[in-house]
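Pasted below: structure.cif, mmCIF, C-alpha atoms.
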```cif
data_model
loop_
_atom_site.group_PDB
_atom_site.id
_atom_site.type_symbol
_atom_site.label_atom_id
_atom_site.label_comp_id
_atom_site.auth_asym_id
_atom_site.auth_seq_id
_atom_site.Cartn_x
_atom_site.Cartn_y
_atom_site.Cartn_z
ATOM 1 C CA MET K 1 0.000 0.000 0.000
ATOM 2 C CA GLU K 2 2.818 2.344 0.882
ATOM 3 C CA LEU K 3 4.527 1.650 -2.456
ATOM 4 C CA ARG K 4 1.296 2.246 -4.323
ATOM 5 C CA ASN K 5 0.667 5.585 -2.632
ATOM 6 C CA ALA K 6 4.253 6.642 -3.329
ATOM 7 C CA MET K 7 3.787 5.755 -7.001
ATOM 8 C CA GLU K 8 0.561 7.781 -7.217
ATOM 9 C CA GLN K 9 2.178 10.821 -5.588
ATOM 10 C CA THR K 10 5.198 10.656 -7.904
ATOM 11 C CA MET K 11 3.074 10.424 -11.049
ATOM 12 C CA VAL K 12 0.824 13.316 -9.983
ATOM 13 C CA HIS K 13 3.647 15.647 -8.980
ATOM 14 C CA GLY K 14 6.411 14.878 -11.477
ATOM 15 C CA LEU K 15 4.313 13.854 -14.481
ATOM 16 C CA GLY K 16 1.056 15.790 -14.403
ATOM 17 C CA ILE K 17 -0.227 17.613 -17.485
ATOM 18 C CA LYS K 18 2.215 20.491 -17.153
ATOM 19 C CA ARG K 19 5.637 18.958 -16.782
ATOM 20 C CA ASP K 20 9.252 20.042 -17.157
ATOM 21 C CA ARG K 21 12.570 18.288 -17.656
ATOM 22 C CA ALA K 22 13.712 18.462 -14.019
ATOM 23 C CA GLY K 23 10.379 17.235 -12.638
ATOM 24 C CA MET K 24 10.242 14.313 -15.044
ATOM 25 C CA GLU K 25 13.861 13.373 -14.334
ATOM 26 C CA GLN K 26 13.065 13.199 -10.642
ATOM 27 C CA GLY K 27 9.854 11.255 -11.325
ATOM 28 C CA LEU K 28 11.750 8.684 -13.405
ATOM 29 C CA ALA K 29 14.336 8.216 -10.658
ATOM 30 C CA GLU K 30 11.613 7.772 -8.028
ATOM 31 C CA ILE K 31 9.686 5.209 -10.092
ATOM 32 C CA SER K 32 12.953 3.314 -10.724
ATOM 33 C CA SER K 33 13.619 3.049 -7.023
ATOM 34 C CA LEU K 34 10.010 1.964 -6.363
ATOM 35 C CA ARG K 35 10.425 -0.786 -8.984
ATOM 36 C CA GLU K 36 13.522 -1.947 -7.118
ATOM 37 C CA ARG K 37 11.712 -1.868 -3.784
ATOM 38 C CA PHE K 38 8.940 -4.018 -5.244
ATOM 39 C CA ALA K 39 11.410 -6.936 -5.341
ATOM 40 C CA GLY K 40 11.133 -6.990 -1.543
ATOM 41 C CA VAL K 41 7.320 -7.320 -1.495
ATOM 42 C CA ARG K 42 6.107 -10.544 0.117
ATOM 43 C CA VAL K 43 2.568 -11.940 0.106
ATOM 44 C CA ALA K 44 1.490 -13.498 3.401
ATOM 45 C CA ASN K 45 -1.779 -14.998 2.150
ATOM 46 C CA GLN K 46 -1.023 -18.404 0.571
ATOM 47 C CA LYS K 47 -4.555 -19.317 -0.545
ATOM 48 C CA LEU K 48 -5.033 -20.358 -4.175
ATOM 49 C CA VAL K 49 -8.487 -18.847 -4.724
ATOM 50 C CA PHE K 50 -9.827 -15.327 -4.163
ATOM 51 C CA ASN K 51 -6.444 -14.208 -2.918
ATOM 52 C CA VAL K 52 -6.940 -10.445 -3.011
ATOM 53 C CA GLU K 53 -3.552 -9.747 -1.450
ATOM 54 C CA LEU K 54 -1.791 -11.661 -4.217
ATOM 55 C CA TYR K 55 -3.589 -9.951 -7.031
ATOM 56 C CA ARG K 56 -3.134 -6.520 -5.525
ATOM 57 C CA ALA K 57 0.599 -7.253 -5.516
ATOM 58 C CA LEU K 58 0.544 -8.468 -9.123
ATOM 59 C CA GLU K 59 -1.416 -5.374 -10.152
ATOM 60 C CA LEU K 60 1.061 -3.116 -8.420
ATOM 61 C CA LYS K 61 3.948 -4.768 -10.289
ATOM 62 C CA CYS K 62 2.195 -4.113 -13.627
ATOM 63 C CA MET K 63 1.312 -0.538 -12.652
ATOM 64 C CA LEU K 64 4.915 0.242 -11.716
ATOM 65 C CA ASP K 65 6.095 -1.062 -15.109
ATOM 66 C CA LEU K 66 3.454 1.059 -16.833
ATOM 67 C CA ALA K 67 4.275 4.139 -14.779
ATOM 68 C CA TYR K 68 7.911 3.800 -15.760
ATOM 69 C CA THR K 69 6.938 3.352 -19.416
ATOM 70 C CA CYS K 70 4.811 6.538 -19.411
ATOM 71 C CA ALA K 71 7.469 8.499 -17.587
ATOM 72 C CA LEU K 72 10.224 7.437 -19.979
ATOM 73 C CA ALA K 73 8.224 8.129 -23.160
ATOM 74 C CA SER K 74 7.155 11.547 -21.800
ATOM 75 C CA TYR K 75 10.668 12.461 -20.725
ATOM 76 C CA ARG K 76 12.108 11.714 -24.183
ATOM 77 C CA ARG K 77 9.314 13.549 -26.022
ATOM 78 C CA GLU K 78 10.921 16.992 -26.166
ATOM 79 C CA GLU K 79 7.885 18.869 -27.466
ATOM 80 C CA SER K 80 4.326 19.720 -26.397
ATOM 81 C CA ARG K 81 1.433 17.818 -27.942
ATOM 82 C CA GLY K 82 -2.115 17.471 -26.632
ATOM 83 C CA SER K 83 -2.160 16.909 -22.893
ATOM 84 C CA HIS K 84 1.616 16.446 -22.821
ATOM 85 C CA PHE K 85 2.514 20.048 -21.973
ATOM 86 C CA HIS K 86 6.292 20.327 -21.742
ATOM 87 C CA ILE K 87 7.220 23.636 -20.098
ATOM 88 C CA ASP K 88 10.760 23.528 -21.548
ATOM 89 C CA TYR K 89 9.474 22.765 -25.079
ATOM 90 C CA PRO K 90 6.127 24.558 -25.492
ATOM 91 C CA ALA K 91 5.860 24.043 -29.275
ATOM 92 C CA MET K 92 4.774 21.015 -31.268
ATOM 93 C CA ASP K 93 7.687 19.494 -33.237
ATOM 94 C CA ASN K 94 6.514 17.414 -36.221
ATOM 95 C CA GLN K 95 10.067 17.167 -37.512
ATOM 96 C CA ARG K 96 11.235 15.035 -34.610
ATOM 97 C CA PHE K 97 8.132 13.714 -32.913
ATOM 98 C CA LEU K 98 5.397 12.919 -35.421
ATOM 99 C CA LYS K 99 5.959 9.398 -34.147
ATOM 100 C CA HIS K 100 4.520 6.755 -31.860
ATOM 101 C CA SER K 101 6.611 5.847 -28.805
ATOM 102 C CA LEU K 102 7.056 2.089 -28.556
ATOM 103 C CA VAL K 103 8.306 0.724 -25.262
ATOM 104 C CA SER K 104 9.306 -2.875 -24.709
ATOM 105 C CA LEU K 105 10.137 -4.618 -21.472
ATOM 106 C CA GLN K 106 13.269 -6.770 -21.592
ATOM 107 C CA ALA K 107 13.711 -10.051 -19.759
ATOM 108 C CA ASP K 108 15.973 -8.374 -17.178
ATOM 109 C CA GLY K 109 13.310 -5.763 -16.358
ATOM 110 C CA SER K 110 14.972 -2.931 -18.257
ATOM 111 C CA VAL K 111 12.971 -0.907 -20.735
ATOM 112 C CA VAL K 112 13.782 0.005 -24.358
ATOM 113 C CA LEU K 113 12.172 2.950 -26.151
ATOM 114 C CA GLU K 114 11.825 3.011 -29.951
ATOM 115 C CA TYR K 115 9.845 5.158 -32.379
ATOM 116 C CA LEU K 116 7.487 4.287 -35.179
ATOM 117 C CA ASP K 117 6.442 6.835 -37.817
ATOM 118 C CA VAL K 118 2.782 7.856 -37.927
ATOM 119 C CA ARG K 119 1.164 6.453 -41.078
ATOM 120 C CA LEU K 120 0.070 9.366 -43.267
ATOM 121 C CA VAL K 121 -2.418 8.831 -46.082
ATOM 122 C CA ASP K 122 -3.928 12.022 -47.412
ATOM 123 C CA THR K 123 -3.818 14.740 -44.766
ATOM 124 C CA GLU K 124 -0.878 17.024 -44.136
ATOM 125 C CA PRO K 125 -0.375 17.548 -40.366
ATOM 126 C CA LEU K 126 -0.782 21.132 -39.172
ATOM 127 C CA ALA K 127 2.263 22.846 -37.675
ATOM 128 C CA GLU K 128 0.254 24.062 -34.704
ATOM 129 C CA ILE K 129 -3.187 23.339 -33.348
ATOM 130 C CA THR K 130 -5.622 26.133 -32.572
ATOM 131 C CA TYR K 131 -9.330 26.089 -31.867
ATOM 132 C CA MET Y 1 -4.911 -27.826 -2.894
ATOM 133 C CA LYS Y 2 -3.794 -27.817 -6.485
ATOM 134 C CA ILE Y 3 -5.722 -26.148 -9.255
ATOM 135 C CA THR Y 4 -4.795 -27.129 -12.777
ATOM 136 C CA GLN Y 5 -7.126 -27.155 -15.668
ATOM 137 C CA ARG Y 6 -6.317 -27.459 -19.311
ATOM 138 C CA CYS Y 7 -8.629 -25.779 -21.808
ATOM 139 C CA ASN Y 8 -8.460 -25.553 -25.564
ATOM 140 C CA TYR Y 9 -9.762 -22.594 -27.548
ATOM 141 C CA ASP Y 10 -9.175 -21.256 -31.031
ATOM 142 C CA VAL Y 11 -9.304 -17.652 -29.858
ATOM 143 C CA VAL Y 12 -8.765 -16.298 -26.352
ATOM 144 C CA ILE Y 13 -9.370 -12.615 -25.693
ATOM 145 C CA MET Y 14 -7.838 -11.006 -22.628
ATOM 146 C CA GLY Y 15 -9.910 -8.204 -21.191
ATOM 147 C CA ALA Y 16 -13.613 -7.694 -21.644
ATOM 148 C CA GLY Y 17 -14.365 -4.030 -22.007
ATOM 149 C CA LEU Y 18 -16.363 -2.799 -24.985
ATOM 150 C CA THR Y 19 -13.377 -3.562 -27.221
ATOM 151 C CA GLY Y 20 -12.752 -7.087 -25.932
ATOM 152 C CA MET Y 21 -16.423 -8.057 -26.095
ATOM 153 C CA THR Y 22 -16.848 -6.567 -29.580
ATOM 154 C CA ALA Y 23 -13.775 -8.472 -30.782
ATOM 155 C CA ALA Y 24 -15.179 -11.709 -29.342
ATOM 156 C CA VAL Y 25 -18.684 -11.197 -30.758
ATOM 157 C CA LYS Y 26 -17.391 -10.308 -34.242
ATOM 158 C CA MET Y 27 -14.925 -13.195 -34.222
ATOM 159 C CA ALA Y 28 -17.698 -15.654 -33.347
ATOM 160 C CA GLU Y 29 -20.091 -14.096 -35.855
ATOM 161 C CA ASP Y 30 -17.656 -14.311 -38.779
ATOM 162 C CA ASN Y 31 -16.220 -17.709 -37.815
ATOM 163 C CA PRO Y 32 -19.015 -19.829 -36.306
ATOM 164 C CA HIS Y 33 -16.752 -22.898 -36.245
ATOM 165 C CA LEU Y 34 -14.231 -21.293 -33.857
ATOM 166 C CA LYS Y 35 -14.312 -21.706 -30.087
ATOM 167 C CA VAL Y 36 -13.944 -18.251 -28.561
ATOM 168 C CA ALA Y 37 -13.276 -17.380 -24.909
ATOM 169 C CA ILE Y 38 -12.847 -14.190 -22.915
ATOM 170 C CA ILE Y 39 -10.741 -13.868 -19.764
ATOM 171 C CA SER Y 40 -11.742 -10.981 -17.507
ATOM 172 C CA LYS Y 41 -10.525 -9.798 -14.136
ATOM 173 C CA VAL Y 42 -14.043 -8.678 -13.198
ATOM 174 C CA HIS Y 43 -17.653 -9.440 -14.088
ATOM 175 C CA LEU Y 44 -18.002 -8.308 -17.717
ATOM 176 C CA VAL Y 45 -20.513 -5.551 -17.020
ATOM 177 C CA ARG Y 46 -18.166 -4.073 -14.415
ATOM 178 C CA SER Y 47 -15.408 -3.420 -16.976
ATOM 179 C CA HIS Y 48 -13.896 0.024 -16.994
ATOM 180 C CA SER Y 49 -15.727 1.016 -20.187
ATOM 181 C CA GLY Y 50 -18.590 1.653 -17.764
ATOM 182 C CA ALA Y 51 -16.759 4.831 -16.744
ATOM 183 C CA ALA Y 52 -17.159 6.267 -20.268
ATOM 184 C CA GLN Y 53 -20.234 8.418 -19.931
ATOM 185 C CA GLY Y 54 -19.996 10.843 -22.847
ATOM 186 C CA GLY Y 55 -20.973 9.100 -26.029
ATOM 187 C CA ILE Y 56 -19.623 7.964 -29.391
ATOM 188 C CA ASN Y 57 -18.726 10.191 -32.303
ATOM 189 C CA ALA Y 58 -20.343 9.016 -35.530
ATOM 190 C CA ALA Y 59 -21.477 10.966 -38.567
ATOM 191 C CA VAL Y 60 -25.090 9.757 -38.518
ATOM 192 C CA ASP Y 61 -26.677 13.145 -39.142
ATOM 193 C CA ARG Y 62 -27.814 13.677 -42.745
ATOM 194 C CA GLU Y 63 -25.838 16.917 -42.967
ATOM 195 C CA ASP Y 64 -22.708 15.427 -41.450
ATOM 196 C CA SER Y 65 -20.028 13.462 -43.291
ATOM 197 C CA TRP Y 66 -17.443 10.914 -42.212
ATOM 198 C CA GLN Y 67 -14.774 12.986 -44.014
ATOM 199 C CA GLU Y 68 -15.405 15.888 -41.654
ATOM 200 C CA HIS Y 69 -15.387 13.499 -38.684
ATOM 201 C CA TYR Y 70 -12.088 12.050 -39.989
ATOM 202 C CA TYR Y 71 -10.353 15.428 -40.197
ATOM 203 C CA GLU Y 72 -11.522 16.601 -36.798
ATOM 204 C CA THR Y 73 -10.421 13.328 -35.213
ATOM 205 C CA LEU Y 74 -6.918 13.675 -36.692
ATOM 206 C CA LYS Y 75 -6.715 17.259 -35.496
ATOM 207 C CA GLY Y 76 -8.085 16.400 -32.053
ATOM 208 C CA GLY Y 77 -5.349 13.746 -31.779
ATOM 209 C CA TRP Y 78 -2.713 16.342 -32.706
ATOM 210 C CA PHE Y 79 -2.000 14.276 -35.848
ATOM 211 C CA LEU Y 80 -0.597 11.329 -33.918
ATOM 212 C CA GLY Y 81 -3.335 9.011 -35.242
ATOM 213 C CA ASP Y 82 -2.444 6.592 -38.028
ATOM 214 C CA GLN Y 83 -4.512 8.017 -40.860
ATOM 215 C CA ASP Y 84 -5.560 4.694 -42.400
ATOM 216 C CA ALA Y 85 -6.842 3.503 -39.009
ATOM 217 C CA VAL Y 86 -8.666 6.750 -38.213
ATOM 218 C CA LYS Y 87 -10.254 6.725 -41.669
ATOM 219 C CA LEU Y 88 -11.530 3.176 -41.205
ATOM 220 C CA LEU Y 89 -12.910 4.062 -37.774
ATOM 221 C CA CYS Y 90 -14.787 7.166 -38.935
ATOM 222 C CA GLU Y 91 -16.117 5.550 -42.081
ATOM 223 C CA ALA Y 92 -17.437 2.544 -40.174
ATOM 224 C CA ALA Y 93 -18.774 4.486 -37.166
ATOM 225 C CA PRO Y 94 -22.378 5.039 -38.368
ATOM 226 C CA ALA Y 95 -22.830 1.331 -39.212
ATOM 227 C CA SER Y 96 -21.626 0.415 -35.699
ATOM 228 C CA ILE Y 97 -24.195 2.737 -34.174
ATOM 229 C CA TYR Y 98 -27.003 1.159 -36.252
ATOM 230 C CA GLU Y 99 -25.859 -2.306 -35.215
ATOM 231 C CA LEU Y 100 -25.716 -1.438 -31.501
ATOM 232 C CA ASP Y 101 -29.164 0.134 -31.891
ATOM 233 C CA ARG Y 102 -30.560 -3.074 -33.430
ATOM 234 C CA TRP Y 103 -29.005 -5.066 -30.574
ATOM 235 C CA GLY Y 104 -31.061 -2.967 -28.179
ATOM 236 C CA ALA Y 105 -28.859 -0.069 -27.022
ATOM 237 C CA SER Y 106 -31.325 2.660 -26.122
ATOM 238 C CA PHE Y 107 -29.720 5.717 -27.715
ATOM 239 C CA ASN Y 108 -31.377 9.033 -26.900
ATOM 240 C CA ARG Y 109 -33.642 10.450 -29.618
ATOM 241 C CA ASP Y 110 -34.610 13.956 -30.618
ATOM 242 C CA ALA Y 111 -38.215 15.076 -31.087
ATOM 243 C CA GLY Y 112 -38.212 13.730 -34.661
ATOM 244 C CA GLY Y 113 -37.099 10.247 -33.578
ATOM 245 C CA HIS Y 114 -33.561 10.568 -34.961
ATOM 246 C CA TYR Y 115 -30.459 9.977 -32.874
ATOM 247 C CA ALA Y 116 -30.025 12.860 -30.456
ATOM 248 C CA GLN Y 117 -26.672 14.599 -30.994
ATOM 249 C CA ARG Y 118 -24.560 16.816 -28.773
ATOM 250 C CA PRO Y 119 -21.087 18.351 -28.995
ATOM 251 C CA PHE Y 120 -18.012 16.611 -27.669
ATOM 252 C CA GLY Y 121 -14.246 17.052 -27.386
ATOM 253 C CA GLY Y 122 -12.403 18.220 -30.482
ATOM 254 C CA GLN Y 123 -15.412 18.197 -32.796
ATOM 255 C CA CYS Y 124 -16.850 21.314 -34.450
ATOM 256 C CA ARG Y 125 -20.433 20.089 -34.687
ATOM 257 C CA ASN Y 126 -22.902 18.037 -32.664
ATOM 258 C CA ARG Y 127 -21.835 14.519 -33.445
ATOM 259 C CA ILE Y 128 -22.092 12.098 -30.556
ATOM 260 C CA CYS Y 129 -24.716 9.447 -30.030
ATOM 261 C CA TYR Y 130 -25.355 8.868 -26.360
ATOM 262 C CA VAL Y 131 -27.473 7.057 -23.795
ATOM 263 C CA GLN Y 132 -28.207 9.646 -21.085
ATOM 264 C CA ASP Y 133 -24.951 9.913 -19.100
ATOM 265 C CA ILE Y 134 -24.361 6.169 -18.972
ATOM 266 C CA THR Y 135 -23.361 5.396 -22.574
ATOM 267 C CA GLY Y 136 -20.485 3.098 -21.615
ATOM 268 C CA HIS Y 137 -22.518 1.142 -19.125
ATOM 269 C CA ALA Y 138 -25.517 0.811 -21.457
ATOM 270 C CA LEU Y 139 -23.288 -0.563 -24.225
ATOM 271 C CA LEU Y 140 -21.554 -3.000 -21.843
ATOM 272 C CA THR Y 141 -24.964 -4.471 -21.064
ATOM 273 C CA THR Y 142 -25.862 -4.669 -24.767
ATOM 274 C CA LEU Y 143 -22.601 -6.377 -25.715
ATOM 275 C CA PHE Y 144 -22.763 -8.724 -22.751
ATOM 276 C CA GLU Y 145 -26.106 -10.002 -24.109
ATOM 277 C CA GLN Y 146 -24.439 -10.611 -27.467
ATOM 278 C CA THR Y 147 -21.601 -12.649 -25.907
ATOM 279 C CA ILE Y 148 -24.281 -14.932 -24.437
ATOM 280 C CA ALA Y 149 -26.174 -15.098 -27.742
ATOM 281 C CA LYS Y 150 -23.004 -16.080 -29.608
ATOM 282 C CA GLY Y 151 -22.065 -18.762 -27.097
ATOM 283 C CA ILE Y 152 -18.777 -17.194 -26.064
ATOM 284 C CA GLU Y 153 -17.215 -18.788 -23.010
ATOM 285 C CA ILE Y 154 -16.252 -16.450 -20.239
ATOM 286 C CA PHE Y 155 -13.664 -16.883 -17.506
ATOM 287 C CA TRP Y 156 -14.903 -14.552 -14.782
ATOM 288 C CA GLU Y 157 -12.522 -13.072 -12.265
ATOM 289 C CA TRP Y 158 -9.332 -14.596 -13.570
ATOM 290 C CA PHE Y 159 -6.057 -12.750 -13.372
ATOM 291 C CA VAL Y 160 -3.611 -13.246 -16.264
ATOM 292 C CA PHE Y 161 -0.006 -12.800 -15.148
ATOM 293 C CA ALA Y 162 1.951 -14.819 -17.680
ATOM 294 C CA ARG Y 163 1.609 -15.964 -21.233
ATOM 295 C CA TYR Y 164 3.528 -18.977 -22.370
ATOM 296 C CA PHE Y 165 4.091 -19.735 -26.020
ATOM 297 C CA PRO Y 166 5.617 -23.208 -26.429
ATOM 298 C CA GLY Y 167 8.249 -22.909 -29.149
ATOM 299 C CA ARG Y 168 6.788 -19.453 -29.813
ATOM 300 C CA ARG Y 169 4.543 -20.839 -32.511
ATOM 301 C CA VAL Y 170 1.932 -18.177 -32.155
ATOM 302 C CA ARG Y 171 -0.230 -16.978 -34.986
ATOM 303 C CA VAL Y 172 -0.813 -13.291 -34.598
#
```

Would you write the structure of this file as structure tokens?
Amino acid sequence: MELRNAMEQTMVHGLGIKRDRAGMEQGLAEISSLRERFAGVRVANQKLVFNVELYRALELKCMLDLAYTCALASYRREESRGSHFHIDYPAMDNQRFLKHSLVSLQADGSVVLEYLDVRLVDTEPLAEITY
Amino acid sequence: MKITQRCNYDVVIMGAGLTGMTAAVKMAEDNPHLKVAIISKVHLVRSHSGAAQGGINAAVDREDSWQEHYYETLKGGWFLGDQDAVKLLCEAAPASIYELDRWGASFNRDAGGHYAQRPFGGQCRNRICYVQDITGHALLTTLFEQTIAKGIEIFWEWFVFARYFPGRRVRV
């Protein structure tokens, strides 16, 4: 429970809608250390059915991986787009970031980030979005 | 106590929100010879799609067009959407609404009996079809009925934590 609350606080403070480089750096470091601390989590309940304690632990493991994934992809996206509002890079940058972020989890628990181009068919992306 | 059970299915879908159930129903509809199963962490009607209250964008109005819906969806996604996928989605949206309607989803109507429309995020005209403020929940119920009608097997309250592919011979 303590780990889960710490994760929630980190994601809200370091990686809210308005974010900056320093805040995200700190958020990434905090999530990394929470992922390490998870290795020490033990489940006391040994029952094989309706074991809520076990599945809460499994969920937390998945959520920590996802939190790290989001944090990493956001940190590397040096532009602002939609609800990703980067204070240090307030403009949209189609040159570098008209791409999907693809994150894969390696067997050793590390995370690799790659990019995949957006498939364009017939519509030229706007350079900035206004309503 | 040891719990081991071996089951064989042609298609197993993990997760049973509106997307998972639709995938299962369509798979069973198009391939009646396949055995289809859904694994869900909760009762199907309690899936998180139930939290979607707003509605579904679809160009069902006579004066609307899917092309306009397509452009506004790309713009609303800050051009990160794959254009072929967004095009398919917008073009097929009205037919999905008609199908859900025939399955019994009680979409709101205007005084003339047509689908009631209201504005929603990123769109420049009234374009969503909705069921009061419980669109997601209403559609979960509708699709749940269809999973029963199509004979889809459901594993309620199962938690998936590992997938094992012997020899990695997996058809994707």

Step by step, work through what the PyMOL selection byres ((chain K) within 10 of (chain Y)) selects in the shown file, and finish by giving those residues as an mmCIF file with C-alpha atoms, in the coordinates of the input.
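What landed in selection.cif:
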```cif
data_model
loop_
_atom_site.group_PDB
_atom_site.id
_atom_site.type_symbol
_atom_site.label_atom_id
_atom_site.label_comp_id
_atom_site.auth_asym_id
_atom_site.auth_seq_id
_atom_site.Cartn_x
_atom_site.Cartn_y
_atom_site.Cartn_z
ATOM 1 C CA LYS K 47 -4.555 -19.317 -0.545
ATOM 2 C CA LEU K 48 -5.033 -20.358 -4.175
ATOM 3 C CA VAL K 49 -8.487 -18.847 -4.724
ATOM 4 C CA PHE K 50 -9.827 -15.327 -4.163
ATOM 5 C CA TYR K 55 -3.589 -9.951 -7.031
ATOM 6 C CA LEU K 58 0.544 -8.468 -9.123
ATOM 7 C CA GLU K 59 -1.416 -5.374 -10.152
ATOM 8 C CA CYS K 62 2.195 -4.113 -13.627
ATOM 9 C CA ARG K 81 1.433 17.818 -27.942
ATOM 10 C CA GLY K 82 -2.115 17.471 -26.632
ATOM 11 C CA SER K 83 -2.160 16.909 -22.893
ATOM 12 C CA MET K 92 4.774 21.015 -31.268
ATOM 13 C CA ASN K 94 6.514 17.414 -36.221
ATOM 14 C CA PHE K 97 8.132 13.714 -32.913
ATOM 15 C CA LEU K 98 5.397 12.919 -35.421
ATOM 16 C CA LYS K 99 5.959 9.398 -34.147
ATOM 17 C CA HIS K 100 4.520 6.755 -31.860
ATOM 18 C CA ASP K 117 6.442 6.835 -37.817
ATOM 19 C CA VAL K 118 2.782 7.856 -37.927
ATOM 20 C CA ARG K 119 1.164 6.453 -41.078
ATOM 21 C CA LEU K 120 0.070 9.366 -43.267
ATOM 22 C CA VAL K 121 -2.418 8.831 -46.082
ATOM 23 C CA ASP K 122 -3.928 12.022 -47.412
ATOM 24 C CA THR K 123 -3.818 14.740 -44.766
ATOM 25 C CA GLU K 124 -0.878 17.024 -44.136
ATOM 26 C CA PRO K 125 -0.375 17.548 -40.366
ATOM 27 C CA LEU K 126 -0.782 21.132 -39.172
ATOM 28 C CA ALA K 127 2.263 22.846 -37.675
ATOM 29 C CA GLU K 128 0.254 24.062 -34.704
ATOM 30 C CA ILE K 129 -3.187 23.339 -33.348
ATOM 31 C CA THR K 130 -5.622 26.133 -32.572
ATOM 32 C CA TYR K 131 -9.330 26.089 -31.867
#
```

Pick the closest to Met11 in chain K from K:Leu60, K:Gly40, K:Tyr68, K:Glu78: which is it, counting only C-alpha atoms?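 Residue with the minimum atom-to-atom distance to Met11 in chain K: K:Tyr68.
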
Please report the interatomic distance between CA of Arg42 in chain K and CA of Glu2 in chain K in Å with one decimal.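 CA of Glu2 in chain K lies at a distance of 13.3 Å from CA of Arg42 in chain K.
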
Name the residues that the PyMOL selection byres ((chain Y and resi 137-144) around 12) pulls out of this structure, and write them as a PyMOL selection string. chain Y and resi 16-26+38+43-56+96-97+99-108+129-136+145-154

Would you please work out which residue, of K:Lys61, K:Arg19, K:Arg37, K:His13, is nearest to Glu79 in chain K when using all atoms listed in the file? K:Arg19

When you draw a straight line from CA of Glu30 in chain K to CA of Thr10 in chain K, how long is it in Å? 7.0 Å

Shell around His86 in chain K at 6 Å using all atoms listed in the file, local window under 2 positions removed, as a list of chain:residue names: K:Arg19, K:Asp20, K:Ser80, K:Asp88, K:Tyr89, K:Pro90

Could you put an axis-aligned box around every listed atom of range 54-70 of chain K, padded by 3 Å on each side, and send me its centre and edge lengths in Å to one decimal, as lines of an AutoDock Vina configuration file?
```
center_x = 2.2
center_y = -2.6
center_z = -11.8
size_x = 17.5
size_y = 24.2
size_z = 21.2
```

To one decimal in Å, tell me the separation between CA of Ala116 in chain Y and CA of Ala92 in chain Y.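 If I compute the distance from CA of Ala116 in chain Y to CA of Ala92 in chain Y, I get 19.0 Å.
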
What residues come out when you apply the PyMOL selection byres ((chain K and resi 65) around 9) to this file, written as a PyMOL selection string? chain K and resi 31+35+60-64+66-70+105+109+111

Which neighbours of Ala73 in chain K fall inside 9 Å, counting all atoms listed in the file, when residues of the same chain fewer than 2 positions from it are skipped, and could you give them as a ChimeraX atom specification? /K:68-71,75-77,101-103,113

Using all atoms listed in the file, determine which residues lie at most 9 Å from Gly16 in chain K, disregarding the query and same-chain residues fewer than 4 positions distant; provide the list as an NGL selection string. :K and (11-12 or 84-85)

Please list as number ranges by chain every residue within 6 Å of Ile39 in chain Y, counting only C-alpha atoms and excluding residues in the same chain fewer than 3 positions away. Y: 14-15, 155

Which of Y:Asn126, Y:Met27, Y:Arg109, Y:His33 sits closest to Glu68 in chain Y [using all atoms listed in the file]: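 Smallest separation from Glu68 in chain Y among the options: Y:Asn126.
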